file query_7.cif (mmCIF, C-alpha atoms)
data_data
loop_
_atom_site.label_atom_id
_atom_site.label_comp_id
_atom_site.auth_asym_id
_atom_site.auth_seq_id
_atom_site.Cartn_x
_atom_site.Cartn_y
_atom_site.Cartn_z
CA VAL G 1 -1.08 -12.16 12.34
CA ILE G 2 -3.08 -10.84 15.30
CA ASP G 3 -5.65 -12.58 17.50
CA LEU G 4 -8.92 -10.81 16.72
CA LEU G 5 -10.31 -10.96 20.25
CA THR G 6 -7.23 -10.27 22.40
CA GLY G 7 -4.93 -8.32 20.11
CA ALA G 8 -2.10 -10.73 20.90
CA GLN G 9 0.45 -11.40 18.18
CA VAL G 10 0.04 -14.93 16.80
CA TRP G 11 2.83 -14.87 14.20
CA ARG G 12 5.06 -12.54 12.24
CA TRP G 13 7.46 -12.64 9.32
CA ASP G 14 9.97 -9.83 9.08
CA TYR G 15 13.54 -8.84 8.26
CA GLY G 16 14.81 -10.63 11.35
CA ARG G 17 13.58 -13.97 9.98
CA ASP G 18 14.13 -13.24 6.28
CA PRO G 19 16.65 -10.62 5.05
CA ASN G 20 14.74 -10.43 1.76
CA MET G 21 11.88 -8.66 3.54
CA LYS G 22 13.41 -5.19 3.25
CA TYR G 23 10.73 -3.32 1.25
CA SER G 24 7.44 -1.93 2.53
CA ILE G 25 4.11 -3.58 1.77
CA PRO G 26 1.45 -0.92 1.06
CA SER G 27 -1.34 -3.11 -0.34
CA ASP G 28 -4.05 -5.35 1.04
CA ILE G 29 -3.27 -9.06 1.29
CA SER G 30 -4.98 -11.82 -0.71
CA CYS G 31 -6.16 -14.52 1.71
CA VAL G 32 -6.83 -17.92 0.16
CA ASP G 33 -8.29 -21.24 1.27
CA THR G 34 -6.45 -23.64 -1.06
CA ASN G 35 -7.89 -26.93 0.22
CA GLY G 36 -11.53 -25.94 0.77
CA ASP G 37 -11.66 -26.63 4.50
CA GLY G 38 -13.00 -23.18 5.35
CA TYR G 39 -9.75 -21.83 6.83
CA ILE G 40 -7.26 -19.40 5.31
CA ASP G 41 -4.02 -21.24 4.63
CA ARG G 42 -2.23 -19.08 2.05
CA LEU G 43 -1.45 -15.37 1.77
CA TYR G 44 -0.18 -13.47 -1.27
CA VAL G 45 1.04 -9.88 -1.37
CA GLY G 46 3.52 -7.73 -3.30
CA ASP G 47 6.04 -5.19 -2.03
CA THR G 48 7.64 -1.96 -3.26
CA GLY G 49 10.70 -3.95 -4.32
CA GLY G 50 8.60 -5.60 -7.02
CA ARG G 51 8.54 -9.01 -5.32
CA LEU G 52 5.47 -11.21 -4.88
CA TRP G 53 5.37 -12.93 -1.49
CA ARG G 54 3.72 -16.23 -0.53
CA PHE G 55 2.98 -17.15 3.10
CA ASN G 56 2.01 -20.72 4.01
CA LEU G 57 -0.26 -21.01 7.06
CA ILE G 58 -1.55 -24.54 6.48
CA GLU G 59 -0.18 -26.10 9.68
CA SER G 60 -2.18 -25.81 12.90
CA ASP G 61 0.93 -24.68 14.78
CA PRO G 62 1.92 -21.09 13.84
CA LYS G 63 5.56 -22.00 14.53
CA ALA G 64 5.45 -24.04 11.32
CA TRP G 65 4.15 -21.14 9.19
CA SER G 66 6.61 -19.67 6.68
CA GLY G 67 7.11 -17.01 4.05
CA SER G 68 9.06 -16.82 0.79
CA THR G 69 9.31 -14.79 -2.40
CA LEU G 70 7.38 -16.46 -5.20
CA PHE G 71 8.36 -14.02 -7.95
CA ASN G 72 10.79 -11.12 -8.51
CA SER G 73 9.69 -8.69 -11.24
CA ASN G 74 13.02 -6.83 -11.01
CA ALA G 75 15.41 -9.77 -11.48
CA GLY G 76 18.29 -8.64 -13.68
CA ILE G 77 17.00 -5.05 -13.94
CA MET G 78 19.36 -2.14 -13.40
CA GLY G 79 18.13 1.38 -12.73
CA SER G 80 14.43 2.21 -12.37
CA ARG G 81 12.64 -0.69 -10.69
CA ARG G 82 9.05 -1.90 -10.63
CA LYS G 83 6.83 -1.65 -7.54
CA ILE G 84 3.65 -3.45 -6.47
CA PHE G 85 1.06 -1.29 -4.75
CA SER G 86 -2.14 -3.34 -5.18
CA ARG G 87 -3.51 -6.63 -3.89
CA PRO G 88 -3.16 -9.59 -6.30
CA ASP G 89 -6.05 -11.80 -7.32
CA VAL G 90 -5.85 -15.61 -7.14
CA THR G 91 -7.55 -18.50 -8.92
CA LEU G 92 -7.49 -22.11 -7.73
CA GLU G 93 -6.48 -24.46 -10.54
CA LYS G 94 -6.28 -28.25 -10.46
CA ASP G 95 -2.56 -28.55 -9.66
CA TYR G 96 -1.58 -25.02 -8.64
CA GLU G 97 -2.76 -21.55 -7.72
CA MET G 98 -2.52 -18.75 -10.29
CA VAL G 99 -1.69 -15.25 -9.01
CA PHE G 100 -2.43 -12.08 -11.00
CA PHE G 101 -0.92 -8.65 -10.37
CA GLY G 102 0.44 -5.56 -12.09
CA THR G 103 3.28 -3.17 -11.30
CA GLY G 104 3.11 0.60 -10.91
CA ASP G 105 4.18 3.30 -8.49
CA ARG G 106 1.01 4.69 -6.92
CA GLU G 107 3.06 7.24 -4.98
CA HIS G 108 4.43 8.71 -8.25
CA PRO G 109 1.72 8.20 -10.90
CA ASP G 110 3.39 10.64 -13.31
CA GLU G 111 6.79 8.91 -13.51
CA THR G 112 7.67 7.62 -16.99
CA LYS G 113 10.99 5.78 -16.59
CA VAL G 114 9.79 2.38 -15.36
CA ALA G 115 8.67 -0.27 -17.87
CA ASN G 116 5.71 -1.77 -16.02
CA GLN G 117 4.07 -5.11 -16.71
CA ILE G 118 1.07 -7.26 -15.81
CA PHE G 119 1.69 -10.83 -14.69
CA ALA G 120 0.02 -14.19 -14.15
CA ILE G 121 2.16 -16.56 -12.06
CA LYS G 122 1.59 -20.26 -11.45
CA ASP G 123 2.32 -21.18 -7.84
CA LYS G 124 3.21 -24.87 -7.82
CA GLY G 125 4.70 -24.76 -4.34
CA LEU G 126 8.31 -24.61 -5.51
CA ASN G 127 10.97 -23.24 -3.18
CA SER G 128 12.76 -21.21 -5.87
CA THR G 129 11.95 -17.59 -6.77
CA LEU G 130 10.55 -17.22 -10.30
CA SER G 131 11.47 -14.38 -12.65
CA GLU G 132 10.45 -13.06 -16.05
CA ARG G 133 12.54 -15.70 -17.85
CA ASP G 134 10.28 -18.42 -16.39
CA LEU G 135 7.17 -16.89 -18.01
CA GLU G 136 5.77 -16.71 -21.53
CA ASN G 137 6.06 -13.25 -23.09
CA VAL G 138 2.70 -12.82 -24.81
CA ASP G 139 3.33 -9.31 -26.14
CA GLY G 140 1.85 -9.16 -29.62
CA ILE G 141 0.35 -12.66 -29.39
CA ASN G 142 -3.10 -12.93 -30.96
CA ASN G 143 -3.48 -16.72 -30.91
CA LEU G 144 -6.54 -17.53 -28.82
CA CYS G 145 -5.35 -21.13 -28.41
CA LYS G 146 -1.85 -20.22 -27.31
CA CYS G 147 -0.62 -22.84 -24.86
CA ILE G 148 1.81 -21.92 -22.07
CA GLU G 149 1.86 -25.24 -20.25
CA GLY G 150 5.65 -25.37 -20.46
CA LYS G 151 5.96 -22.02 -18.66
CA GLU G 152 5.24 -20.85 -15.11
CA GLY G 153 2.80 -18.17 -16.28
CA TRP G 154 2.67 -15.23 -18.67
CA PHE G 155 3.29 -11.49 -18.79
CA ILE G 156 2.50 -8.47 -20.95
CA SER G 157 4.63 -5.33 -21.10
CA LEU G 158 2.55 -2.16 -20.92
CA GLU G 159 3.18 -0.38 -24.19
CA ASN G 160 2.71 3.30 -23.38
CA LYS G 161 5.40 5.42 -21.75
CA GLY G 162 4.71 5.65 -18.03
CA GLU G 163 1.70 3.28 -18.16
CA LYS G 164 1.19 1.54 -14.84
CA ALA G 165 -1.28 -0.65 -12.96
CA LEU G 166 -2.59 1.24 -9.92
CA ALA G 167 -5.59 -0.87 -8.87
CA PRO G 168 -6.16 -4.52 -7.97
CA PRO G 169 -6.95 -6.96 -10.80
CA VAL G 170 -9.95 -9.26 -10.69
CA VAL G 171 -10.66 -12.55 -12.47
CA MET G 172 -14.25 -13.54 -13.35
CA PHE G 173 -15.62 -16.07 -15.85
CA GLY G 174 -12.12 -16.77 -17.18
CA VAL G 175 -11.36 -13.08 -17.83
CA ALA G 176 -8.55 -11.28 -16.02
CA TYR G 177 -9.35 -7.57 -15.71
CA PHE G 178 -6.61 -5.00 -15.13
CA THR G 179 -6.82 -1.22 -15.23
CA THR G 180 -3.92 1.13 -15.97
CA PHE G 181 -3.06 4.81 -15.93
CA THR G 182 -0.84 6.55 -18.48
CA PRO G 183 0.32 10.06 -17.51
CA SER G 184 -0.17 12.87 -19.99
CA LYS G 185 2.87 14.20 -21.82
CA GLU G 186 2.33 17.60 -20.23
CA GLY G 187 2.33 16.17 -16.70
CA GLY G 188 -0.49 16.30 -14.19
CA THR G 189 -2.81 13.48 -13.18
CA GLU G 190 -5.39 13.68 -15.97
CA GLY G 191 -3.70 11.14 -18.23
CA ILE G 192 -5.41 8.12 -19.82
CA ALA G 193 -7.52 5.47 -18.06
CA ARG G 194 -7.43 2.08 -19.76
CA ILE G 195 -8.92 -1.36 -19.08
CA TYR G 196 -7.48 -4.73 -20.09
CA ALA G 197 -9.65 -7.85 -20.45
CA LEU G 198 -7.51 -10.96 -20.97
CA ASN G 199 -7.87 -14.70 -21.17
CA TYR G 200 -6.66 -15.54 -17.68
CA LYS G 201 -4.85 -18.68 -18.84
CA ASN G 202 -2.70 -17.11 -21.54
CA GLY G 203 -3.11 -13.31 -21.67
CA CYS G 204 -4.77 -13.29 -25.10
CA PRO G 205 -7.77 -11.10 -26.03
CA ILE G 206 -11.07 -12.69 -25.03
CA LEU G 207 -13.77 -9.97 -25.29
CA ASP G 208 -14.75 -7.69 -28.17
CA LEU G 209 -13.77 -4.49 -26.37
CA ASN G 210 -13.52 -2.41 -29.56
CA PRO G 211 -16.30 -3.51 -31.94
CA GLU G 212 -15.79 -0.38 -34.02
CA ASN G 213 -12.46 -1.87 -35.18
CA ASN G 214 -13.95 -5.12 -36.51
CA THR G 215 -12.87 -5.79 -40.11
CA GLU G 216 -13.23 -8.71 -42.52
CA GLY G 217 -15.59 -10.49 -40.16
CA ILE G 218 -13.00 -10.73 -37.36
CA LYS G 219 -14.65 -9.85 -34.05
CA ILE G 220 -11.76 -10.31 -31.61
CA ASP G 221 -8.16 -9.42 -32.40
CA LEU G 222 -5.10 -8.05 -30.62
CA SER G 223 -6.60 -4.56 -30.36
CA ASP G 224 -9.29 -5.99 -28.06
CA ARG G 225 -6.86 -6.64 -25.25
CA SER G 226 -7.46 -3.14 -23.95
CA LYS G 227 -9.72 -0.12 -24.30
CA VAL G 228 -9.36 3.54 -23.35
CA ILE G 229 -12.30 4.33 -21.05
CA GLY G 230 -11.56 7.92 -20.02
CA THR G 231 -9.08 10.04 -18.13
CA GLY G 232 -7.56 10.02 -14.67
CA ILE G 233 -6.51 7.10 -12.49
CA PRO G 234 -9.15 4.35 -12.89
CA SER G 235 -10.48 2.13 -10.16
CA GLY G 236 -10.27 -1.61 -10.36
CA VAL G 237 -13.22 -3.49 -11.88
CA VAL G 238 -16.01 -3.86 -9.31
CA ILE G 239 -18.30 -6.86 -9.84
CA SER G 240 -21.60 -7.37 -8.05
CA ALA G 241 -24.94 -9.11 -8.48
CA ILE G 242 -28.36 -7.46 -8.77
CA ASN G 243 -31.50 -9.61 -9.00
CA GLY G 244 -29.40 -12.66 -9.82
CA LYS G 245 -27.52 -10.94 -12.65
CA LEU G 246 -23.85 -10.04 -12.54
CA ILE G 247 -22.79 -6.50 -13.37
CA ALA G 248 -19.35 -4.90 -13.59
CA TYR G 249 -18.32 -1.24 -13.41
CA THR G 250 -15.01 0.61 -13.56
CA GLY G 251 -14.64 4.16 -12.33
CA PHE G 252 -12.56 6.86 -14.00
CA GLN G 253 -12.29 10.63 -13.72
CA GLY G 254 -15.84 11.97 -13.92
CA GLY G 255 -17.54 8.78 -14.98
CA VAL G 256 -18.17 5.03 -14.83
CA TYR G 257 -17.50 2.44 -17.54
CA ASN G 258 -20.04 -0.37 -17.95
CA THR G 259 -17.54 -3.23 -18.07
CA PRO G 260 -18.49 -6.22 -20.26
CA LEU G 261 -18.68 -9.72 -18.78
CA ARG G 262 -18.71 -13.12 -20.46
CA LYS G 263 -22.25 -14.48 -20.60
CA ASN G 264 -21.63 -18.21 -21.07
CA SER G 265 -20.36 -19.13 -17.62
CA THR G 266 -21.98 -20.43 -14.45
CA ILE G 267 -21.54 -19.29 -10.85
CA ILE G 268 -21.30 -22.18 -8.39
CA PRO G 269 -21.95 -21.08 -4.77
CA ILE G 270 -19.51 -22.47 -2.20
CA TRP G 271 -20.26 -22.44 1.55
#

call {"tool": "encode", "arguments": {"input": "query_7.cif", "output": "structure tokens"}}
result
Amino acid sequence: VIDLLTGAQVWRWDYGRDPNMKYSIPSDISCVDTNGDGYIDRLYVGDTGGRLWRFNLIESDPKAWSGSTLFNSNAGIMGSRRKIFSRPDVTLEKDYEMVFFGTGDREHPDETKVANQIFAIKDKGLNSTLSERDLENVDGINNLCKCIEGKEGWFISLENKGEKALAPPVVMFGVAYFTTFTPSKEGGTEGIARIYALNYKNGCPILDLNPENNTEGIKIDLSDRSKVIGTGIPSGVVISAINGKLIAYTGFQGGVYNTPLRKNSTIIPIW
């Protein structure tokens, strides 16, 4: 943490203070005001060791600031390990913060050995490091009312060989958007660009992404968790407002996908 005006170091957290900090951090950092006082008091970021870090800056004295690993996506894994290259997104819930991120090696987009996943982690301020066993596995779950209150979050395993999340997620109107890239079988970076739109609370499908698949009057089913939008490595979902109306776009090789948004939600400005 650097003083903006003088360039002086205010605080640091490194291997000398925490031996667990031994992997590089290539992504941007999520900066959060958890108590609404207008000051950043929490940081979240992932590293190339597949760990999600939490830094508490709530005290006025930087000497009291601290860091710890909130989640380890590689706990118990031998061999090829997951990496985090993109900034997580965060929502402020009543009793905890919820952190969303995906794994994928941006440096090697064509690798196919790692089984990547997308995660939603509840940060309840515990001192222990969470792992996959603390989360609800919602692979194949199509129950829109699925409750995961007894778990510390949820995860989905990316189904396609080599599929990986290479852009930051974003949560809007209760929908968690992730984009992924799946390398082609022949190699090269053309591959498949895909978008996921998930109920942020439980990872279930929430939008009718594939209306052409609707059968027997069912509008939303498991197939609507994701949609192929083109080729190449996609961007994250970019959301903006034009003339008071929200719009969302996702870039892919040679084009832009008009990303659907939920219509029945309200934006509440906060100053």

call {"tool": "atom_distance", "arguments": {"input": "query_7.cif", "atom1": "CA of Met172 (chain G)", "atom2": "CA of Val114 (chain G)"}}
result
28.9 Å

call {"tool": "residues_around", "arguments": {"input": "query_7.cif", "residues": "Glu107 (chain G)", "least_positions_apart": "6", "cutoff": "12 Å", "atoms": "all atoms listed in the file", "output": "list of chain:residue names"}}
result
G:Pro26, G:Thr48, G:Lys83, G:Ile84, G:Phe85, G:Ser86, G:Lys164, G:Leu166, G:Thr189

call {"tool": "closest_atom_pairs", "arguments": {"input": "query_7.cif", "of": "region 117-189 of chain G", "to": "region 52-64 of chain G", "cutoff": "10 Å", "atoms": "only C-alpha atoms", "output": "Markdown table"}}
result
| residue | atom | partner | partner_atom | distance |
| --- | --- | --- | --- | --- |
| G:Ile121 | CA | G:Leu52 | CA | 9.5 |
| G:Asp123 | CA | G:Arg54 | CA | 8.9 |
| G:Gly125 | CA | G:Arg54 | CA | 9.4 |
| G:Thr129 | CA | G:Leu52 | CA | 9.3 |
| G:Leu130 | CA | G:Leu52 | CA | 9.6 |

call {"tool": "atom_distance", "arguments": {"input": "query_7.cif", "atom1": "CA of Val228 (chain G)", "atom2": "CA of Tyr196 (chain G)"}}
result
9.1 Å

call {"tool": "residues_around", "arguments": {"input": "query_7.cif", "residues": "Leu135 (chain G)", "least_positions_apart": "3", "cutoff": "8 Å", "atoms": "all atoms listed in the file", "output": "list in words"}}
result
Ile121, Ser131, Glu132, Lys151, Glu152, Gly153, Trp154 and Phe155 of chain G

call {"tool": "closest_residue", "arguments": {"input": "query_7.cif", "among": "G:Leu209, G:Leu198, G:Met78, G:Met98", "to": "Tyr44 (chain G)", "atoms": "only C-alpha atoms"}}
result
G:Met98

call {"tool": "atom_distance", "arguments": {"input": "query_7.cif", "atom1": "CA of Asp41 (chain G)", "atom2": "CA of Leu246 (chain G)"}}
result
28.5 Å

call {"tool": "closest_residue", "arguments": {"input": "query_7.cif", "among": "G:Pro168, G:Gly255, G:Pro19, G:Gly104", "to": "Thr69 (chain G)", "atoms": "only C-alpha atoms"}}
result
G:Pro19

call {"tool": "axis_aligned_box", "arguments": {"input": "query_7.cif", "around": "region 179-186 of chain G", "padding_each_side": "4 Å", "output": "JSON"}}
result
{"center_x": -2.0, "center_y": 8.2, "center_z": -18.5, "size_x": 17.7, "size_y": 26.8, "size_z": 14.6}

call {"tool": "closest_residue", "arguments": {"input": "query_7.cif", "among": "G:Leu158, G:Ile77, G:Val32, G:Ala193", "to": "Glu97 (chain G)", "atoms": "all atoms listed in the file"}}
result
G:Val32

call {"tool": "resolve_selection", "arguments": {"input": "query_7.cif", "expression": "the PyMOL selection byres ((chain G and resi 35) around 12)", "output": "mmCIF file with C-alpha atoms, in the coordinates of the input"}}
result
data_model
loop_
_atom_site.group_PDB
_atom_site.id
_atom_site.type_symbol
_atom_site.label_atom_id
_atom_site.label_comp_id
_atom_site.auth_asym_id
_atom_site.auth_seq_id
_atom_site.Cartn_x
_atom_site.Cartn_y
_atom_site.Cartn_z
ATOM 1 C CA VAL G 32 -6.830 -17.920 0.160
ATOM 2 C CA ASP G 33 -8.290 -21.240 1.270
ATOM 3 C CA THR G 34 -6.450 -23.640 -1.060
ATOM 4 C CA GLY G 36 -11.530 -25.940 0.770
ATOM 5 C CA ASP G 37 -11.660 -26.630 4.500
ATOM 6 C CA GLY G 38 -13.000 -23.180 5.350
ATOM 7 C CA TYR G 39 -9.750 -21.830 6.830
ATOM 8 C CA ILE G 40 -7.260 -19.400 5.310
ATOM 9 C CA ASP G 41 -4.020 -21.240 4.630
ATOM 10 C CA ARG G 42 -2.230 -19.080 2.050
ATOM 11 C CA LEU G 57 -0.260 -21.010 7.060
ATOM 12 C CA ILE G 58 -1.550 -24.540 6.480
ATOM 13 C CA LEU G 92 -7.490 -22.110 -7.730
ATOM 14 C CA GLU G 93 -6.480 -24.460 -10.540
ATOM 15 C CA LYS G 94 -6.280 -28.250 -10.460
ATOM 16 C CA ASP G 95 -2.560 -28.550 -9.660
ATOM 17 C CA TYR G 96 -1.580 -25.020 -8.640
ATOM 18 C CA GLU G 97 -2.760 -21.550 -7.720
#

call {"tool": "closest_residue", "arguments": {"input": "query_7.cif", "among": "G:Ile247, G:Ala120, G:Pro211, G:Arg106", "to": "Ile233 (chain G)", "atoms": "all atoms listed in the file"}}
result
G:Arg106

call {"tool": "residues_around", "arguments": {"input": "query_7.cif", "residues": "region 183-185 of chain G", "least_positions_apart": "5", "cutoff": "10 Å", "atoms": "all atoms listed in the file", "output": "ChimeraX atom specification"}}
result
/G:109-112,160-164,190-193,231-233

call {"tool": "write_last_selection", "arguments": {"input": "query_7.cif", "atoms": "C-alpha atoms", "output": "short mmCIF file (atom, residue, chain, number, x, y, z; two decimals), in the frame of the given file"}}
result
data_model
loop_
_atom_site.label_atom_id
_atom_site.label_comp_id
_atom_site.auth_asym_id
_atom_site.auth_seq_id
_atom_site.Cartn_x
_atom_site.Cartn_y
_atom_site.Cartn_z
CA PRO G 109 1.72 8.20 -10.90
CA ASP G 110 3.39 10.64 -13.31
CA GLU G 111 6.79 8.91 -13.51
CA THR G 112 7.67 7.62 -16.99
CA ASN G 160 2.71 3.30 -23.38
CA LYS G 161 5.40 5.42 -21.75
CA GLY G 162 4.71 5.65 -18.03
CA GLU G 163 1.70 3.28 -18.16
CA LYS G 164 1.19 1.54 -14.84
CA GLU G 190 -5.39 13.68 -15.97
CA GLY G 191 -3.70 11.14 -18.23
CA ILE G 192 -5.41 8.12 -19.82
CA ALA G 193 -7.52 5.47 -18.06
CA THR G 231 -9.08 10.04 -18.13
CA GLY G 232 -7.56 10.02 -14.67
CA ILE G 233 -6.51 7.10 -12.49
#

call {"tool": "resolve_selection", "arguments": {"input": "query_7.cif", "expression": "the PyMOL selection byres ((chain G and resi 171) around 12)", "output": "PyMOL selection string"}}
result
chain G and resi 88-92+98-101+120+168-170+172-178+196-201+203+236-239+248+261-262

call {"tool": "write_last_selection", "arguments": {"input": "query_7.cif", "atoms": "C-alpha atoms", "output": "short mmCIF file (atom, residue, chain, number, x, y, z; two decimals), in the frame of the given file"}}
result
data_model
loop_
_atom_site.label_atom_id
_atom_site.label_comp_id
_atom_site.auth_asym_id
_atom_site.auth_seq_id
_atom_site.Cartn_x
_atom_site.Cartn_y
_atom_site.Cartn_z
CA PRO G 88 -3.16 -9.59 -6.30
CA ASP G 89 -6.05 -11.80 -7.32
CA VAL G 90 -5.85 -15.61 -7.14
CA THR G 91 -7.55 -18.50 -8.92
CA LEU G 92 -7.49 -22.11 -7.73
CA MET G 98 -2.52 -18.75 -10.29
CA VAL G 99 -1.69 -15.25 -9.01
CA PHE G 100 -2.43 -12.08 -11.00
CA PHE G 101 -0.92 -8.65 -10.37
CA ALA G 120 0.02 -14.19 -14.15
CA PRO G 168 -6.16 -4.52 -7.97
CA PRO G 169 -6.95 -6.96 -10.80
CA VAL G 170 -9.95 -9.26 -10.69
CA MET G 172 -14.25 -13.54 -13.35
CA PHE G 173 -15.62 -16.07 -15.85
CA GLY G 174 -12.12 -16.77 -17.18
CA VAL G 175 -11.36 -13.08 -17.83
CA ALA G 176 -8.55 -11.28 -16.02
CA TYR G 177 -9.35 -7.57 -15.71
CA PHE G 178 -6.61 -5.00 -15.13
CA TYR G 196 -7.48 -4.73 -20.09
CA ALA G 197 -9.65 -7.85 -20.45
CA LEU G 198 -7.51 -10.96 -20.97
CA ASN G 199 -7.87 -14.70 -21.17
CA TYR G 200 -6.66 -15.54 -17.68
CA LYS G 201 -4.85 -18.68 -18.84
CA GLY G 203 -3.11 -13.31 -21.67
CA GLY G 236 -10.27 -1.61 -10.36
CA VAL G 237 -13.22 -3.49 -11.88
CA VAL G 238 -16.01 -3.86 -9.31
CA ILE G 239 -18.30 -6.86 -9.84
CA ALA G 248 -19.35 -4.90 -13.59
CA LEU G 261 -18.68 -9.72 -18.78
CA ARG G 262 -18.71 -13.12 -20.46
#

call {"tool": "closest_residue", "arguments": {"input": "query_7.cif", "among": "G:Gly76, G:Ile206, G:Arg87, G:Val256", "to": "Ser235 (chain G)", "atoms": "only C-alpha atoms"}}
result
G:Val256

call {"tool": "residues_around", "arguments": {"input": "query_7.cif", "residues": "Lys219 (chain G)", "least_positions_apart": "6", "cutoff": "10 Å", "atoms": "all atoms listed in the file", "output": "list in words"}}
result
Leu207, Asp208, Leu209, Asn210, Pro211, Glu212 and Asn213 of chain G

call {"tool": "closest_residue", "arguments": {"input": "query_7.cif", "among": "G:Tyr257, G:Arg194, G:Tyr249, G:Thr180", "to": "Ser226 (chain G)", "atoms": "all atoms listed in the file"}}
result
G:Arg194

call {"tool": "build_atoms", "arguments": {"input": "query_7.cif", "residues": "region 89-95 of chain G", "atoms": "all heavy atoms", "output": "mmCIF file, keeping the file's coordinate frame"}}
result
data_model
loop_
_atom_site.group_PDB
_atom_site.id
_atom_site.type_symbol
_atom_site.label_atom_id
_atom_site.label_comp_id
_atom_site.auth_asym_id
_atom_site.auth_seq_id
_atom_site.Cartn_x
_atom_site.Cartn_y
_atom_site.Cartn_z
ATOM 1 N N ASP G 89 -4.898 -10.908 -7.331
ATOM 2 C CA ASP G 89 -6.050 -11.800 -7.320
ATOM 3 C C ASP G 89 -5.543 -13.224 -7.556
ATOM 4 O O ASP G 89 -4.471 -13.414 -8.141
ATOM 5 C CB ASP G 89 -7.073 -11.414 -8.382
ATOM 6 C CG ASP G 89 -8.456 -11.991 -8.080
ATOM 7 O OD1 ASP G 89 -8.654 -12.497 -6.956
ATOM 8 O OD2 ASP G 89 -9.326 -11.930 -8.956
ATOM 9 N N VAL G 90 -6.312 -14.225 -7.107
ATOM 10 C CA VAL G 90 -5.850 -15.610 -7.140
ATOM 11 C C VAL G 90 -6.962 -16.516 -7.647
ATOM 12 O O VAL G 90 -8.128 -16.361 -7.246
ATOM 13 C CB VAL G 90 -5.417 -16.082 -5.725
ATOM 14 C CG1 VAL G 90 -4.818 -17.489 -5.794
ATOM 15 C CG2 VAL G 90 -4.422 -15.105 -5.107
ATOM 16 N N THR G 91 -6.612 -17.449 -8.529
ATOM 17 C CA THR G 91 -7.550 -18.500 -8.920
ATOM 18 C C THR G 91 -6.982 -19.847 -8.491
ATOM 19 O O THR G 91 -5.767 -20.041 -8.451
ATOM 20 C CB THR G 91 -7.791 -18.520 -10.446
ATOM 21 O OG1 THR G 91 -6.580 -18.864 -11.127
ATOM 22 C CG2 THR G 91 -8.275 -17.164 -10.933
ATOM 23 N N LEU G 92 -7.886 -20.773 -8.161
ATOM 24 C CA LEU G 92 -7.490 -22.110 -7.730
ATOM 25 C C LEU G 92 -7.618 -23.068 -8.900
ATOM 26 O O LEU G 92 -8.732 -23.368 -9.348
ATOM 27 C CB LEU G 92 -8.370 -22.571 -6.561
ATOM 28 C CG LEU G 92 -8.426 -21.655 -5.341
ATOM 29 C CD1 LEU G 92 -9.328 -22.250 -4.277
ATOM 30 C CD2 LEU G 92 -7.039 -21.395 -4.789
ATOM 31 N N GLU G 93 -6.489 -23.521 -9.423
ATOM 32 C CA GLU G 93 -6.480 -24.460 -10.540
ATOM 33 C C GLU G 93 -6.351 -25.888 -10.001
ATOM 34 O O GLU G 93 -6.261 -26.112 -8.795
ATOM 35 C CB GLU G 93 -5.331 -24.115 -11.485
ATOM 36 C CG GLU G 93 -5.333 -22.670 -11.960
ATOM 37 C CD GLU G 93 -6.616 -22.283 -12.673
ATOM 38 O OE1 GLU G 93 -7.056 -23.039 -13.567
ATOM 39 O OE2 GLU G 93 -7.200 -21.236 -12.336
ATOM 40 N N LYS G 94 -6.305 -26.853 -10.891
ATOM 41 C CA LYS G 94 -6.280 -28.250 -10.460
ATOM 42 C C LYS G 94 -5.000 -28.586 -9.710
ATOM 43 O O LYS G 94 -5.035 -29.254 -8.664
ATOM 44 C CB LYS G 94 -6.424 -29.162 -11.676
ATOM 45 C CG LYS G 94 -6.445 -30.646 -11.329
ATOM 46 C CD LYS G 94 -6.634 -31.502 -12.562
ATOM 47 C CE LYS G 94 -6.646 -32.977 -12.206
ATOM 48 N NZ LYS G 94 -6.808 -33.847 -13.397
ATOM 49 N N ASP G 95 -3.846 -28.146 -10.232
ATOM 50 C CA ASP G 95 -2.560 -28.550 -9.660
ATOM 51 C C ASP G 95 -1.757 -27.381 -9.099
ATOM 52 O O ASP G 95 -0.615 -27.564 -8.677
ATOM 53 C CB ASP G 95 -1.719 -29.277 -10.717
ATOM 54 C CG ASP G 95 -2.388 -30.543 -11.214
ATOM 55 O OD1 ASP G 95 -2.897 -31.297 -10.365
ATOM 56 O OD2 ASP G 95 -2.408 -30.762 -12.441
#
